[in-house]
>>> print(open('target_16.txt').read())   # compact mmCIF, C-alpha atoms and all ligand atoms
# COMPACT_ATOMS: atom_id res chain seq x y z
CA MET A 1 -6.47 24.22 15.84
CA THR A 2 -2.99 25.63 16.49
CA PRO A 3 -0.80 22.75 17.61
CA SER A 4 2.66 23.48 18.95
CA SER A 5 5.46 23.96 16.50
CA ALA A 6 8.67 21.98 16.54
CA ASP A 7 12.02 23.64 16.93
CA THR A 8 13.97 22.42 13.96
CA GLY A 9 17.39 22.98 15.46
CA ASN A 10 18.13 26.13 13.52
CA GLY A 11 16.27 28.35 15.95
CA ARG A 12 13.22 28.71 13.69
CA SER A 13 10.14 26.74 14.54
CA PHE A 14 8.00 25.10 11.91
CA LEU A 15 4.92 23.01 12.40
CA PRO A 16 5.66 19.34 11.63
CA VAL A 17 3.66 17.85 8.76
CA ASP A 18 2.12 15.09 10.88
CA ALA A 19 0.99 17.53 13.57
CA ALA A 20 -0.69 19.73 10.97
CA ARG A 21 -2.39 16.75 9.35
CA ALA A 22 -3.64 15.49 12.73
CA ALA A 23 -4.84 18.96 13.77
CA ILE A 24 -6.80 19.32 10.54
CA LEU A 25 -8.40 15.89 10.69
CA ASP A 26 -9.22 16.13 14.41
CA SER A 27 -11.09 19.39 13.92
CA LEU A 28 -13.40 18.06 11.18
CA GLN A 29 -16.66 16.10 11.27
CA PRO A 30 -18.48 14.59 8.28
CA ILE A 31 -21.11 16.84 6.73
CA THR A 32 -24.75 15.94 7.31
CA GLY A 33 -27.29 15.44 4.57
CA TRP A 34 -27.84 12.46 2.33
CA GLU A 35 -29.66 11.46 -0.78
CA ARG A 36 -30.96 8.29 -2.38
CA VAL A 37 -29.34 7.38 -5.71
CA ALA A 38 -29.60 4.53 -8.21
CA VAL A 39 -26.70 2.05 -8.07
CA ARG A 40 -24.80 3.60 -11.01
CA GLY A 41 -25.16 7.04 -9.46
CA ALA A 42 -23.30 5.79 -6.39
CA LEU A 43 -19.96 5.63 -8.22
CA GLY A 44 -17.48 7.71 -6.23
CA ARG A 45 -20.08 8.47 -3.56
CA VAL A 46 -19.90 7.57 0.12
CA LEU A 47 -22.49 5.27 1.69
CA ALA A 48 -24.43 6.98 4.47
CA ALA A 49 -25.81 3.70 5.87
CA ASP A 50 -24.69 0.09 6.09
CA ILE A 51 -25.83 -2.17 3.28
CA ILE A 52 -27.22 -5.35 4.80
CA ALA A 53 -27.32 -8.47 2.65
CA PRO A 54 -31.02 -9.40 2.25
CA TYR A 55 -30.00 -12.98 1.42
CA ASN A 56 -27.00 -15.19 0.89
CA VAL A 57 -24.72 -14.58 -2.09
CA PRO A 58 -24.48 -17.05 -3.69
CA ALA A 59 -27.99 -18.02 -2.72
CA HIS A 60 -27.31 -21.78 -3.05
CA ASP A 61 -24.33 -24.11 -2.88
CA ASN A 62 -23.23 -24.31 -6.50
CA SER A 63 -20.55 -25.77 -8.69
CA ALA A 64 -17.33 -23.89 -9.42
CA MET A 65 -16.56 -26.17 -12.40
CA ASP A 66 -18.14 -28.20 -15.19
CA GLY A 67 -18.14 -31.86 -14.12
CA TYR A 68 -20.11 -34.35 -12.03
CA ALA A 69 -21.84 -33.90 -8.70
CA VAL A 70 -21.17 -36.96 -6.56
CA ARG A 71 -21.33 -38.26 -2.99
CA ALA A 72 -17.77 -38.43 -1.62
CA GLN A 73 -18.62 -41.43 0.55
CA ASP A 74 -19.37 -43.49 -2.60
CA LEU A 75 -15.85 -43.12 -3.97
CA ALA A 76 -13.33 -45.96 -3.52
CA ALA A 77 -10.03 -45.07 -1.87
CA GLU A 78 -8.16 -46.59 -4.78
CA GLY A 79 -8.92 -47.12 -8.45
CA GLU A 80 -12.01 -45.90 -10.29
CA THR A 81 -15.56 -45.83 -9.05
CA ALA A 82 -18.38 -46.38 -11.55
CA LEU A 83 -21.44 -44.18 -10.93
CA ALA A 84 -24.79 -44.02 -12.75
CA VAL A 85 -25.49 -40.61 -14.27
CA VAL A 86 -29.10 -39.76 -13.32
CA GLY A 87 -29.53 -36.24 -14.67
CA THR A 88 -28.01 -32.85 -15.48
CA ALA A 89 -27.89 -29.63 -13.44
CA PHE A 90 -27.54 -26.43 -15.48
CA ALA A 91 -26.92 -22.91 -14.15
CA GLY A 92 -30.39 -21.51 -13.60
CA ARG A 93 -32.04 -24.90 -14.31
CA PRO A 94 -31.41 -27.14 -11.31
CA PHE A 95 -31.63 -30.94 -11.33
CA SER A 96 -34.77 -31.63 -9.31
CA GLY A 97 -33.95 -35.26 -8.51
CA ILE A 98 -31.78 -36.66 -5.75
CA VAL A 99 -28.28 -38.07 -6.20
CA GLY A 100 -28.52 -41.40 -4.35
CA ALA A 101 -25.93 -44.03 -3.44
CA GLY A 102 -23.85 -45.02 -6.47
CA GLN A 103 -25.21 -42.12 -8.54
CA ALA A 104 -23.88 -38.88 -10.05
CA ALA A 105 -25.38 -35.88 -11.85
CA ARG A 106 -23.76 -34.03 -14.73
CA ILE A 107 -23.28 -30.42 -13.49
CA MET A 108 -22.33 -27.11 -15.10
CA THR A 109 -20.50 -24.17 -13.54
CA GLY A 110 -22.87 -22.13 -11.41
CA ALA A 111 -25.55 -24.83 -11.22
CA SER A 112 -27.00 -25.59 -7.78
CA ILE A 113 -25.61 -28.73 -6.17
CA PRO A 114 -28.36 -31.37 -6.36
CA GLN A 115 -29.74 -32.84 -3.18
CA GLY A 116 -27.60 -35.76 -1.96
CA ALA A 117 -24.37 -34.67 -3.66
CA ASP A 118 -21.56 -33.02 -1.71
CA THR A 119 -18.62 -32.92 -4.13
CA VAL A 120 -17.89 -31.93 -7.74
CA VAL A 121 -15.41 -33.89 -9.87
CA VAL A 122 -14.15 -31.91 -12.86
CA GLN A 123 -15.03 -33.39 -16.25
CA GLU A 124 -11.40 -33.51 -17.38
CA VAL A 125 -10.49 -36.32 -14.95
CA VAL A 126 -13.43 -38.69 -15.47
CA ARG A 127 -14.22 -41.28 -18.10
CA ARG A 128 -17.75 -41.36 -19.46
CA ASP A 129 -19.26 -44.47 -20.99
CA GLY A 130 -22.97 -44.23 -21.87
CA GLU A 131 -24.95 -43.62 -18.71
CA GLN A 132 -21.95 -44.41 -16.51
CA VAL A 133 -19.15 -42.18 -15.34
CA PHE A 134 -15.86 -43.51 -13.93
CA VAL A 135 -14.34 -41.30 -11.21
CA PRO A 136 -10.67 -41.73 -10.23
CA ALA A 137 -9.59 -41.96 -6.56
CA GLY A 138 -8.13 -38.99 -4.73
CA GLN A 139 -11.14 -36.60 -4.70
CA GLN A 140 -11.67 -34.39 -1.65
CA GLN A 141 -15.10 -34.13 -0.11
CA GLY A 142 -16.58 -30.67 -0.79
CA GLN A 143 -14.16 -29.83 -3.59
CA ASN A 144 -15.14 -27.42 -6.39
CA LEU A 145 -18.14 -26.09 -4.48
CA ARG A 146 -19.04 -22.48 -3.90
CA ARG A 147 -20.91 -22.38 -0.63
CA ALA A 148 -24.13 -20.43 -0.13
CA GLY A 149 -23.25 -17.12 1.54
CA GLU A 150 -19.51 -17.48 0.97
CA ASP A 151 -19.46 -14.09 -0.79
CA LEU A 152 -22.04 -12.36 1.43
CA ALA A 153 -23.97 -13.88 4.33
CA GLU A 154 -27.66 -13.04 4.75
CA GLY A 155 -28.18 -10.39 7.46
CA GLY A 156 -24.50 -9.45 7.47
CA VAL A 157 -23.06 -6.02 6.68
CA ALA A 158 -22.17 -6.26 2.99
CA LEU A 159 -20.76 -2.72 2.88
CA ALA A 160 -20.34 -0.44 5.88
CA ALA A 161 -21.45 3.18 6.05
CA GLY A 162 -18.43 5.28 5.12
CA SER A 163 -17.42 3.05 2.20
CA ARG A 164 -16.65 4.92 -0.99
CA CYS A 165 -18.19 3.14 -3.96
CA GLY A 166 -15.87 2.02 -6.73
CA PRO A 167 -16.59 -0.49 -9.49
CA ALA A 168 -16.40 -3.48 -7.10
CA GLU A 169 -18.87 -1.90 -4.68
CA LEU A 170 -21.37 -1.14 -7.47
CA GLY A 171 -21.21 -4.78 -8.54
CA LEU A 172 -21.54 -5.99 -5.00
CA ILE A 173 -24.63 -3.85 -4.37
CA ALA A 174 -26.18 -5.11 -7.61
CA SER A 175 -25.36 -8.72 -6.65
CA LEU A 176 -27.70 -8.25 -3.68
CA GLY A 177 -30.52 -7.13 -5.95
CA ILE A 178 -30.43 -3.63 -4.44
CA ALA A 179 -31.38 -0.87 -6.89
CA GLU A 180 -30.93 2.27 -4.77
CA VAL A 181 -28.58 3.28 -1.97
CA VAL A 182 -28.33 6.17 0.47
CA VAL A 183 -25.20 8.30 0.09
CA HIS A 184 -23.81 11.46 1.68
CA ARG A 185 -24.66 14.57 -0.28
CA ARG A 186 -21.84 15.96 -2.37
CA LEU A 187 -19.33 18.21 -0.63
CA ARG A 188 -19.53 21.78 -1.94
CA VAL A 189 -16.09 23.26 -2.45
CA ALA A 190 -15.40 26.85 -3.51
CA ILE A 191 -12.04 27.56 -5.14
CA LEU A 192 -10.40 30.88 -5.83
CA SER A 193 -7.00 32.10 -6.89
CA THR A 194 -5.47 35.25 -5.45
CA GLY A 195 -2.84 37.55 -6.89
CA ASP A 196 -2.74 40.78 -8.89
CA GLU A 197 -0.42 39.04 -11.38
CA ILE A 198 -2.73 36.09 -12.01
CA ALA A 199 -4.59 36.13 -15.32
CA SER A 200 -7.46 33.90 -16.34
CA ILE A 201 -7.00 32.04 -19.60
CA GLY A 202 -8.77 33.47 -22.63
CA ARG A 203 -7.02 36.82 -22.73
CA PRO A 204 -3.45 37.83 -23.60
CA LEU A 205 -0.94 38.12 -20.73
CA GLY A 206 -0.03 41.62 -19.59
CA PRO A 207 3.49 42.47 -18.41
CA GLY A 208 4.52 40.39 -15.38
CA GLU A 209 1.33 38.33 -15.44
CA VAL A 210 1.05 34.54 -15.26
CA TYR A 211 -1.87 32.40 -16.24
CA ASP A 212 -3.85 30.84 -13.44
CA SER A 213 -3.03 27.15 -13.33
CA ASN A 214 -4.00 26.42 -9.74
CA ARG A 215 -7.74 26.57 -10.32
CA TYR A 216 -7.34 23.97 -13.05
CA THR A 217 -5.22 21.64 -10.94
CA LEU A 218 -7.73 21.96 -8.12
CA PHE A 219 -10.64 21.49 -10.52
CA GLY A 220 -9.09 18.18 -11.59
CA ALA A 221 -8.36 16.96 -8.08
CA LEU A 222 -11.77 17.98 -6.71
CA SER A 223 -13.72 16.60 -9.67
CA ARG A 224 -12.04 13.23 -9.15
CA LEU A 225 -13.16 13.29 -5.54
CA GLY A 226 -16.74 13.89 -6.65
CA CYS A 227 -17.04 17.33 -5.07
CA GLU A 228 -19.50 19.95 -6.28
CA LEU A 229 -17.34 22.84 -7.44
CA ILE A 230 -17.99 26.53 -7.04
CA ASP A 231 -15.35 28.32 -9.13
CA MET A 232 -14.95 31.88 -7.88
CA GLY A 233 -12.22 32.80 -10.34
CA VAL A 234 -9.23 35.04 -9.69
CA VAL A 235 -9.46 37.64 -6.94
CA PRO A 236 -6.96 40.51 -6.88
CA ASP A 237 -4.88 41.27 -3.77
CA ARG A 238 -7.34 43.93 -2.58
CA PRO A 239 -8.81 43.57 0.90
CA GLU A 240 -12.37 44.55 -0.15
CA ALA A 241 -12.38 42.20 -3.14
CA LEU A 242 -11.06 39.34 -1.05
CA GLU A 243 -13.48 39.99 1.78
CA THR A 244 -16.45 39.96 -0.59
CA ALA A 245 -15.23 36.73 -2.20
CA PHE A 246 -14.66 35.01 1.13
CA ARG A 247 -18.07 36.02 2.48
CA GLU A 248 -19.75 34.74 -0.67
CA ALA A 249 -17.76 31.50 -0.65
CA ALA A 250 -18.54 30.86 3.02
CA ARG A 251 -22.25 31.21 2.33
CA ALA A 252 -22.25 28.85 -0.63
CA ALA A 253 -19.69 26.19 0.25
CA ASP A 254 -18.72 23.66 2.90
CA VAL A 255 -15.06 24.19 2.09
CA ILE A 256 -13.11 27.11 0.62
CA ILE A 257 -9.75 26.42 -1.01
CA THR A 258 -7.62 29.38 -1.99
CA SER A 259 -4.16 29.55 -3.48
CA GLY A 260 -1.61 32.30 -3.00
CA GLY A 261 -1.50 35.19 -0.62
CA VAL A 262 -0.47 33.32 2.52
CA SER A 263 3.29 33.87 2.35
CA VAL A 264 5.01 36.26 4.74
CA GLY A 265 4.49 39.84 3.64
CA GLU A 266 1.38 39.04 1.65
CA ALA A 267 -0.38 37.48 4.58
CA ASP A 268 -0.69 40.53 6.77
CA PHE A 269 -3.84 42.06 5.38
CA ILE A 270 -5.35 38.64 4.75
CA ARG A 271 -4.61 37.75 8.36
CA GLU A 272 -6.45 40.84 9.57
CA MET A 273 -9.40 40.12 7.36
CA MET A 274 -9.57 36.46 8.42
CA ALA A 275 -9.56 37.48 12.06
CA ARG A 276 -12.62 39.60 11.29
CA LEU A 277 -14.42 36.96 9.23
CA GLY A 278 -13.63 33.81 11.15
CA GLU A 279 -10.98 31.86 12.94
CA VAL A 280 -7.97 31.00 10.84
CA ALA A 281 -4.47 29.90 11.83
CA PHE A 282 -1.52 30.80 9.61
CA TRP A 283 1.00 28.01 9.75
CA LYS A 284 4.61 27.79 8.79
CA LEU A 285 4.90 24.12 7.94
CA ALA A 286 8.06 22.05 8.06
CA ILE A 287 7.50 21.09 4.45
CA LYS A 288 9.03 21.77 1.05
CA PRO A 289 7.53 22.83 -1.21
CA GLY A 290 4.65 24.63 0.47
CA ARG A 291 5.77 26.17 3.73
CA PRO A 292 2.95 28.68 4.36
CA MET A 293 -0.61 27.47 4.77
CA ALA A 294 -3.72 28.82 6.42
CA PHE A 295 -6.36 26.61 7.98
CA GLY A 296 -9.52 27.43 9.86
CA ARG A 297 -13.14 28.44 9.50
CA ILE A 298 -15.01 31.31 7.95
CA GLY A 299 -18.62 31.12 9.05
CA ASP A 300 -19.60 27.48 8.70
CA ALA A 301 -17.07 26.81 5.94
CA VAL A 302 -13.69 25.18 6.42
CA LEU A 303 -10.88 27.20 4.85
CA PHE A 304 -7.66 25.88 3.34
CA GLY A 305 -5.37 28.72 2.28
CA LEU A 306 -2.77 27.01 0.13
CA PRO A 307 0.47 28.60 -1.04
CA GLY A 308 0.57 30.04 -4.55
CA ASN A 309 3.29 28.07 -6.27
CA PRO A 310 1.69 25.47 -8.52
CA VAL A 311 3.68 22.47 -7.21
CA ALA A 312 3.20 23.64 -3.61
CA VAL A 313 -0.55 23.69 -4.25
CA MET A 314 -0.50 20.08 -5.39
CA VAL A 315 1.78 18.89 -2.58
CA THR A 316 -0.24 20.58 0.15
CA PHE A 317 -3.50 19.45 -1.45
CA TYR A 318 -2.50 15.80 -1.47
CA GLN A 319 -0.73 15.83 1.91
CA PHE A 320 -3.31 17.86 3.88
CA VAL A 321 -6.50 18.62 2.01
CA GLN A 322 -7.52 15.40 0.26
CA ASP A 323 -7.91 13.29 3.40
CA ALA A 324 -9.68 16.20 5.10
CA LEU A 325 -12.19 16.35 2.25
CA LEU A 326 -12.67 12.58 2.36
CA LYS A 327 -13.41 12.83 6.07
CA LEU A 328 -15.93 15.62 5.46
CA MET A 329 -17.48 13.47 2.70
CA GLY A 330 -18.07 10.75 5.31
CA VAL A 331 -15.34 8.31 4.23
CA ASN A 332 -14.51 6.03 7.13
CA PRO A 333 -11.91 4.71 7.64
CA LEU A 334 -9.66 7.00 5.63
CA PRO A 335 -7.49 5.16 3.09
CA PRO A 336 -4.07 4.30 4.56
CA ALA A 337 -1.14 6.32 3.24
CA GLU A 338 0.52 4.18 0.59
CA ARG A 339 4.30 4.41 1.09
CA PHE A 340 7.12 2.02 0.33
CA PRO A 341 10.92 2.00 0.36
CA VAL A 342 12.84 1.99 -2.91
CA ARG A 343 16.43 2.54 -4.05
CA ALA A 344 17.38 6.09 -5.02
CA GLY A 345 18.74 6.51 -8.54
CA PHE A 346 19.82 10.10 -7.80
CA ALA A 347 21.87 12.12 -5.33
CA LEU A 348 21.11 15.46 -3.68
CA ARG A 349 21.74 17.55 -0.59
CA LYS A 350 18.89 18.73 1.56
CA GLN A 351 18.40 21.09 4.49
CA ARG A 352 17.48 19.55 7.80
CA GLY A 353 14.15 20.55 9.33
CA ARG A 354 11.57 20.14 6.58
CA VAL A 355 9.94 17.11 5.02
CA GLU A 356 10.67 17.35 1.33
CA TYR A 357 8.31 16.05 -1.33
CA LEU A 358 10.32 15.57 -4.50
CA ARG A 359 8.66 14.45 -7.69
CA GLY A 360 9.94 11.09 -8.84
CA ARG A 361 9.61 8.39 -11.43
CA LEU A 362 9.71 4.72 -10.54
CA GLN A 363 11.74 2.50 -12.81
CA ARG A 364 11.98 -1.26 -12.91
CA GLY A 365 15.60 -2.39 -13.08
CA ALA A 366 17.13 -5.88 -13.21
CA ASP A 367 17.91 -5.67 -9.48
CA GLY A 368 14.62 -4.17 -8.32
CA PRO A 369 12.88 -0.81 -8.66
CA THR A 370 14.66 2.53 -8.37
CA VAL A 371 13.33 6.06 -8.28
CA THR A 372 14.75 8.99 -10.22
CA LEU A 373 13.92 12.70 -10.12
CA ALA A 374 11.23 13.86 -12.54
CA GLY A 375 12.98 16.91 -13.97
CA ALA A 376 13.63 20.27 -12.32
CA GLN A 377 12.31 20.40 -8.77
CA GLY A 378 11.42 24.09 -8.40
CA SER A 379 8.11 24.66 -6.63
CA GLY A 380 6.80 26.45 -9.70
CA VAL A 381 7.75 23.72 -12.17
CA LEU A 382 4.41 22.01 -12.73
CA ARG A 383 5.95 19.81 -15.39
CA SER A 384 7.68 17.87 -12.61
CA MET A 385 4.25 16.79 -11.35
CA SER A 386 3.09 15.88 -14.81
CA GLU A 387 6.18 13.77 -15.49
CA ALA A 388 6.24 12.16 -12.05
CA ASP A 389 4.43 9.05 -10.88
CA CYS A 390 5.31 9.38 -7.20
CA PHE A 391 6.40 11.70 -4.43
CA ILE A 392 9.82 10.95 -2.96
CA VAL A 393 9.34 11.76 0.74
CA LEU A 394 12.53 12.80 2.52
CA PRO A 395 12.08 13.13 6.30
CA GLU A 396 12.90 16.26 8.33
CA ASP A 397 16.23 14.97 9.61
CA CYS A 398 17.56 13.85 6.21
CA THR A 399 20.41 16.04 4.96
CA ALA A 400 21.55 14.18 1.85
CA VAL A 401 20.65 11.32 -0.47
CA GLN A 402 23.30 9.22 -2.23
CA ALA A 403 22.56 7.05 -5.23
CA GLY A 404 21.76 3.59 -3.84
CA ASP A 405 20.26 4.87 -0.57
CA THR A 406 16.81 3.66 0.36
CA VAL A 407 14.15 6.39 0.16
CA CYS A 408 10.43 6.36 0.79
CA VAL A 409 8.01 6.95 -2.08
CA GLN A 410 4.28 7.67 -2.17
CA PRO A 411 2.88 6.50 -5.51
CA PHE A 412 0.43 8.80 -7.29
CA HIS A 413 -1.60 5.78 -8.32
CA GLY A 414 -4.42 5.64 -5.81
CA LEU A 415 -3.53 9.07 -4.44
CA VAL A 416 -4.12 11.43 -7.35
P1 LIG A 501 2.11 33.70 -3.47
O1 LIG A 501 1.95 32.52 -2.55
O2 LIG A 501 0.84 34.44 -3.68
O3 LIG A 501 3.24 34.58 -3.03
O4 LIG A 501 2.53 33.11 -4.88
C1 LIG A 501 3.72 32.39 -5.03
C2 LIG A 501 4.02 32.20 -6.50
O5 LIG A 501 3.02 31.39 -7.10
C3 LIG A 501 4.08 33.46 -7.32
O6 LIG A 501 5.13 33.35 -8.25
C4 LIG A 501 2.75 33.50 -8.00
O7 LIG A 501 2.78 34.21 -9.21
C5 LIG A 501 2.47 32.05 -8.24
N1 LIG A 501 1.05 31.80 -8.29
C6 LIG A 501 0.16 32.19 -7.36
N2 LIG A 501 -1.09 31.85 -7.71
C7 LIG A 501 -0.98 31.20 -8.91
C8 LIG A 501 -1.93 30.60 -9.78
N3 LIG A 501 -3.24 30.59 -9.49
N4 LIG A 501 -1.47 30.03 -10.92
C9 LIG A 501 -0.16 30.05 -11.21
N5 LIG A 501 0.77 30.59 -10.42
C10 LIG A 501 0.38 31.17 -9.27
MG MG A 502 0.23 36.23 -4.42
>>> encode(input="target_16.txt", output="structure tokens")
Amino acid sequence: MTPSSADTGNGRSFLPVDAARAAILDSLQPITGWERVAVRGALGRVLAADIIAPYNVPAHDNSAMDGYAVRAQDLAAEGETALAVVGTAFAGRPFSGIVGAGQAARIMTGASIPQGADTVVVQEVVRRDGEQVFVPAGQQQGQNLRRAGEDLAEGGVALAAGSRCGPAELGLIASLGIAEVVVHRRLRVAILSTGDEIASIGRPLGPGEVYDSNRYTLFGALSRLGCELIDMGVVPDRPEALETAFREAARAADVIITSGGVSVGEADFIREMMARLGEVAFWKLAIKPGRPMAFGRIGDAVLFGLPGNPVAVMVTFYQFVQDALLKLMGVNPLPPAERFPVRAGFALRKQRGRVEYLRGRLQRGADGPTVTLAGAQGSGVLRSMSEADCFIVLPEDCTAVQAGDTVCVQPFHGLV
């Protein structure tokens, strides 16, 4: 749980971001417990068992186009071939006859391919004259067919356990005629804010107070993940109050997420208390914003002690906590980190030794996309997150960015 720190060259050692992420993920196992839900109720939930296709989808070879079902071997290599039209196949109302030598059947999109036919010729290229259809040369055997089982094969795994259900998965489950699925139970997450200066909304601010924004950010992020939230409010920086809150949270939740109170100076009494209540490591991460973070266990609950600054909360949540929660929720495999290189439309200097997550905006220019800074980059400036559509990720060893340099971005789309 406490991987070795890296010496960053300035004599101070910080834990590299990747080591922290790996240590967190390695120490976690999916929660147990599942429930059966109707297909619509599976949106955002994680399948606890494979879904096996009970039959082929599509169930029969069928036509991808409106046209004529023919036998490829009947068609002349050059010129037109005249075929006798012997019937019509509609979607849901198959043609029960057989397409014999020199014959064709009119066929609609989605209709089963009649016995004898092996190819569909689209209606736009043929000539129809009474009960005859004239088919031009150049057709490929098997064209315009959707094969039975080409979407899902009977007996195959249609969706694996660990899949998180989005709109496509709901449709896929329904396409198999399945009405209920087994999903992992919801993850219970307790959130609390710490700080004597933190005020809940709904009352006027006293001198030196700030409104609690972190519980709202976390509410949004956790609701999107489909977690069951236990909001424990704001807890003052008093050891007894914190201890009571942590004990209560550990009883009720699988995961406790706190913000504030883990920076040097503040952490001392929390550290003592954590040592009494559980096993928690206090890390100094090689990251900006968000250097201090606590991670460990209190009772059976996993604890993430995030820093207090509102941007640091969001950065550490998305870089460390979100994947950890997905793993606990049973998601397997975890979604790959979406990163790509793009041209910088800004310049700045940076200290070596920490990975920096700037807030950026992607812009489409005539000569490709660029990324610019989304406003002031202070770790308390939440507006930068609201105006941004990506993180700009500057590695530990980077010391400066010039306009035109290539930088790596992590888009919010799909992440947040
Ligand atoms: P801390 O990590 O407790 O030292 O807090 C760092 C900074 O973040 C301080 O300026 C706090 O006032 C601020 N902060 C801490 N918690 C919150 C919160 N829940 N909402 C808004 N700001 C906060
Ligand atoms: Mg504080």
>>> atom_distance(input="target_16.txt", atom1="atom CA of A:Ala82", atom2="atom CA of A:Ile98")
17.5 Å
>>> residues_around(input="target_16.txt", residues="A:Arg45", least_positions_apart="3", cutoff="9 Å", atoms="only C-alpha atoms", output="JSON list (two decimals) with C-alpha atoms, in the coordinates of the input")
[["chain", "number", "residue", "atom", "x", "y", "z"],
["A", 41, "GLY", "CA", -25.16, 7.04, -9.46],
["A", 42, "ALA", "CA", -23.30, 5.79, -6.39],
["A", 163, "SER", "CA", -17.42, 3.05, 2.20],
["A", 164, "ARG", "CA", -16.65, 4.92, -0.99],
["A", 165, "CYS", "CA", -18.19, 3.14, -3.96],
["A", 166, "GLY", "CA", -15.87, 2.02, -6.73],
["A", 183, "VAL", "CA", -25.20, 8.30, 0.09],
["A", 184, "HIS", "CA", -23.81, 11.46, 1.68],
["A", 185, "ARG", "CA", -24.66, 14.57, -0.28],
["A", 186, "ARG", "CA", -21.84, 15.96, -2.37],
["A", 225, "LEU", "CA", -13.16, 13.29, -5.54],
["A", 226, "GLY", "CA", -16.74, 13.89, -6.65],
["A", 329, "MET", "CA", -17.48, 13.47, 2.70]]
>>> residues_near_ligand(input="target_16.txt", ligand="ligand MG 502 (chain A)", cutoff="6 Å", atoms="only C-alpha atoms and all ligand atoms", output="ChimeraX atom specification")
/A:194-195,260-261
>>> atom_distance(input="target_16.txt", atom1="atom CA of A:Met232", atom2="atom O7 of ligand LIG 501 (chain A)")
17.9 Å
>>> residues_near_ligand(input="target_16.txt", ligand="ligand LIG 501 (chain A)", cutoff="9 Å", atoms="only C-alpha atoms and all ligand atoms", output="tab-separated table (two decimals) with C-alpha atoms, in the frame of the given file")
chain	number	residue	atom	x	y	z
A	192	LEU	CA	-10.40	30.88	-5.83
A	193	SER	CA	-7.00	32.10	-6.89
A	194	THR	CA	-5.47	35.25	-5.45
A	195	GLY	CA	-2.84	37.55	-6.89
A	196	ASP	CA	-2.74	40.78	-8.89
A	197	GLU	CA	-0.42	39.04	-11.38
A	198	ILE	CA	-2.73	36.09	-12.01
A	199	ALA	CA	-4.59	36.13	-15.32
A	200	SER	CA	-7.46	33.90	-16.34
A	208	GLY	CA	4.52	40.39	-15.38
A	209	GLU	CA	1.33	38.33	-15.44
A	210	VAL	CA	1.05	34.54	-15.26
A	211	TYR	CA	-1.87	32.40	-16.24
A	212	ASP	CA	-3.85	30.84	-13.44
A	213	SER	CA	-3.03	27.15	-13.33
A	214	ASN	CA	-4.00	26.42	-9.74
A	215	ARG	CA	-7.74	26.57	-10.32
A	216	TYR	CA	-7.34	23.97	-13.05
A	234	VAL	CA	-9.23	35.04	-9.69
A	237	ASP	CA	-4.88	41.27	-3.77
A	258	THR	CA	-7.62	29.38	-1.99
A	259	SER	CA	-4.16	29.55	-3.48
A	260	GLY	CA	-1.61	32.30	-3.00
A	261	GLY	CA	-1.50	35.19	-0.62
A	262	VAL	CA	-0.47	33.32	2.52
A	263	SER	CA	3.29	33.87	2.35
A	264	VAL	CA	5.01	36.26	4.74
A	265	GLY	CA	4.49	39.84	3.64
A	266	GLU	CA	1.38	39.04	1.65
A	267	ALA	CA	-0.38	37.48	4.58
A	290	GLY	CA	4.65	24.63	0.47
A	292	PRO	CA	2.95	28.68	4.36
A	306	LEU	CA	-2.77	27.01	0.13
A	307	PRO	CA	0.47	28.60	-1.04
A	308	GLY	CA	0.57	30.04	-4.55
A	309	ASN	CA	3.29	28.07	-6.27
A	310	PRO	CA	1.69	25.47	-8.52
A	311	VAL	CA	3.68	22.47	-7.21
A	312	ALA	CA	3.20	23.64	-3.61
A	313	VAL	CA	-0.55	23.69	-4.25
A	379	SER	CA	8.11	24.66	-6.63
A	380	GLY	CA	6.80	26.45	-9.70
>>> atom_distance(input="target_16.txt", atom1="atom CA of A:Pro336", atom2="atom CA of A:Val409")
14.0 Å
>>> residues_around(input="target_16.txt", residues="stretch 350-356 of chain A", least_positions_apart="2", cutoff="9 Å", atoms="only C-alpha atoms", output="PyMOL selection string")
chain A and resi 7-10+14+16-17+285-289+291+348+358+392-401
>>> closest_atom_pairs(input="target_16.txt", of="stretch 127-176 of chain A", to="stretch 61-80 of chain A", cutoff="8 Å", atoms="all atoms listed in the file", output="JSON lines")
{"residue": "A:Phe134", "atom": "CA", "partner": "A:Glu80", "partner_atom": "CA", "distance": 5.8}
{"residue": "A:Val135", "atom": "CA", "partner": "A:Glu80", "partner_atom": "CA", "distance": 5.2}
{"residue": "A:Pro136", "atom": "CA", "partner": "A:Glu80", "partner_atom": "CA", "distance": 4.4}
{"residue": "A:Ala137", "atom": "CA", "partner": "A:Glu78", "partner_atom": "CA", "distance": 5.2}
{"residue": "A:Gly138", "atom": "CA", "partner": "A:Ala77", "partner_atom": "CA", "distance": 7.0}
{"residue": "A:Gln139", "atom": "CA", "partner": "A:Ala72", "partner_atom": "CA", "distance": 7.5}
{"residue": "A:Gln140", "atom": "CA", "partner": "A:Ala72", "partner_atom": "CA", "distance": 7.3}
{"residue": "A:Gln141", "atom": "CA", "partner": "A:Ala72", "partner_atom": "CA", "distance": 5.3}
{"residue": "A:Gly142", "atom": "CA", "partner": "A:Ala72", "partner_atom": "CA", "distance": 7.9}
{"residue": "A:Asn144", "atom": "CA", "partner": "A:Ala64", "partner_atom": "CA", "distance": 5.1}
{"residue": "A:Leu145", "atom": "CA", "partner": "A:Ser63", "partner_atom": "CA", "distance": 4.9}
{"residue": "A:Arg146", "atom": "CA", "partner": "A:Asn62", "partner_atom": "CA", "distance": 5.3}
{"residue": "A:Arg147", "atom": "CA", "partner": "A:Asp61", "partner_atom": "CA", "distance": 4.4}
{"residue": "A:Ala148", "atom": "CA", "partner": "A:Asp61", "partner_atom": "CA", "distance": 4.6}
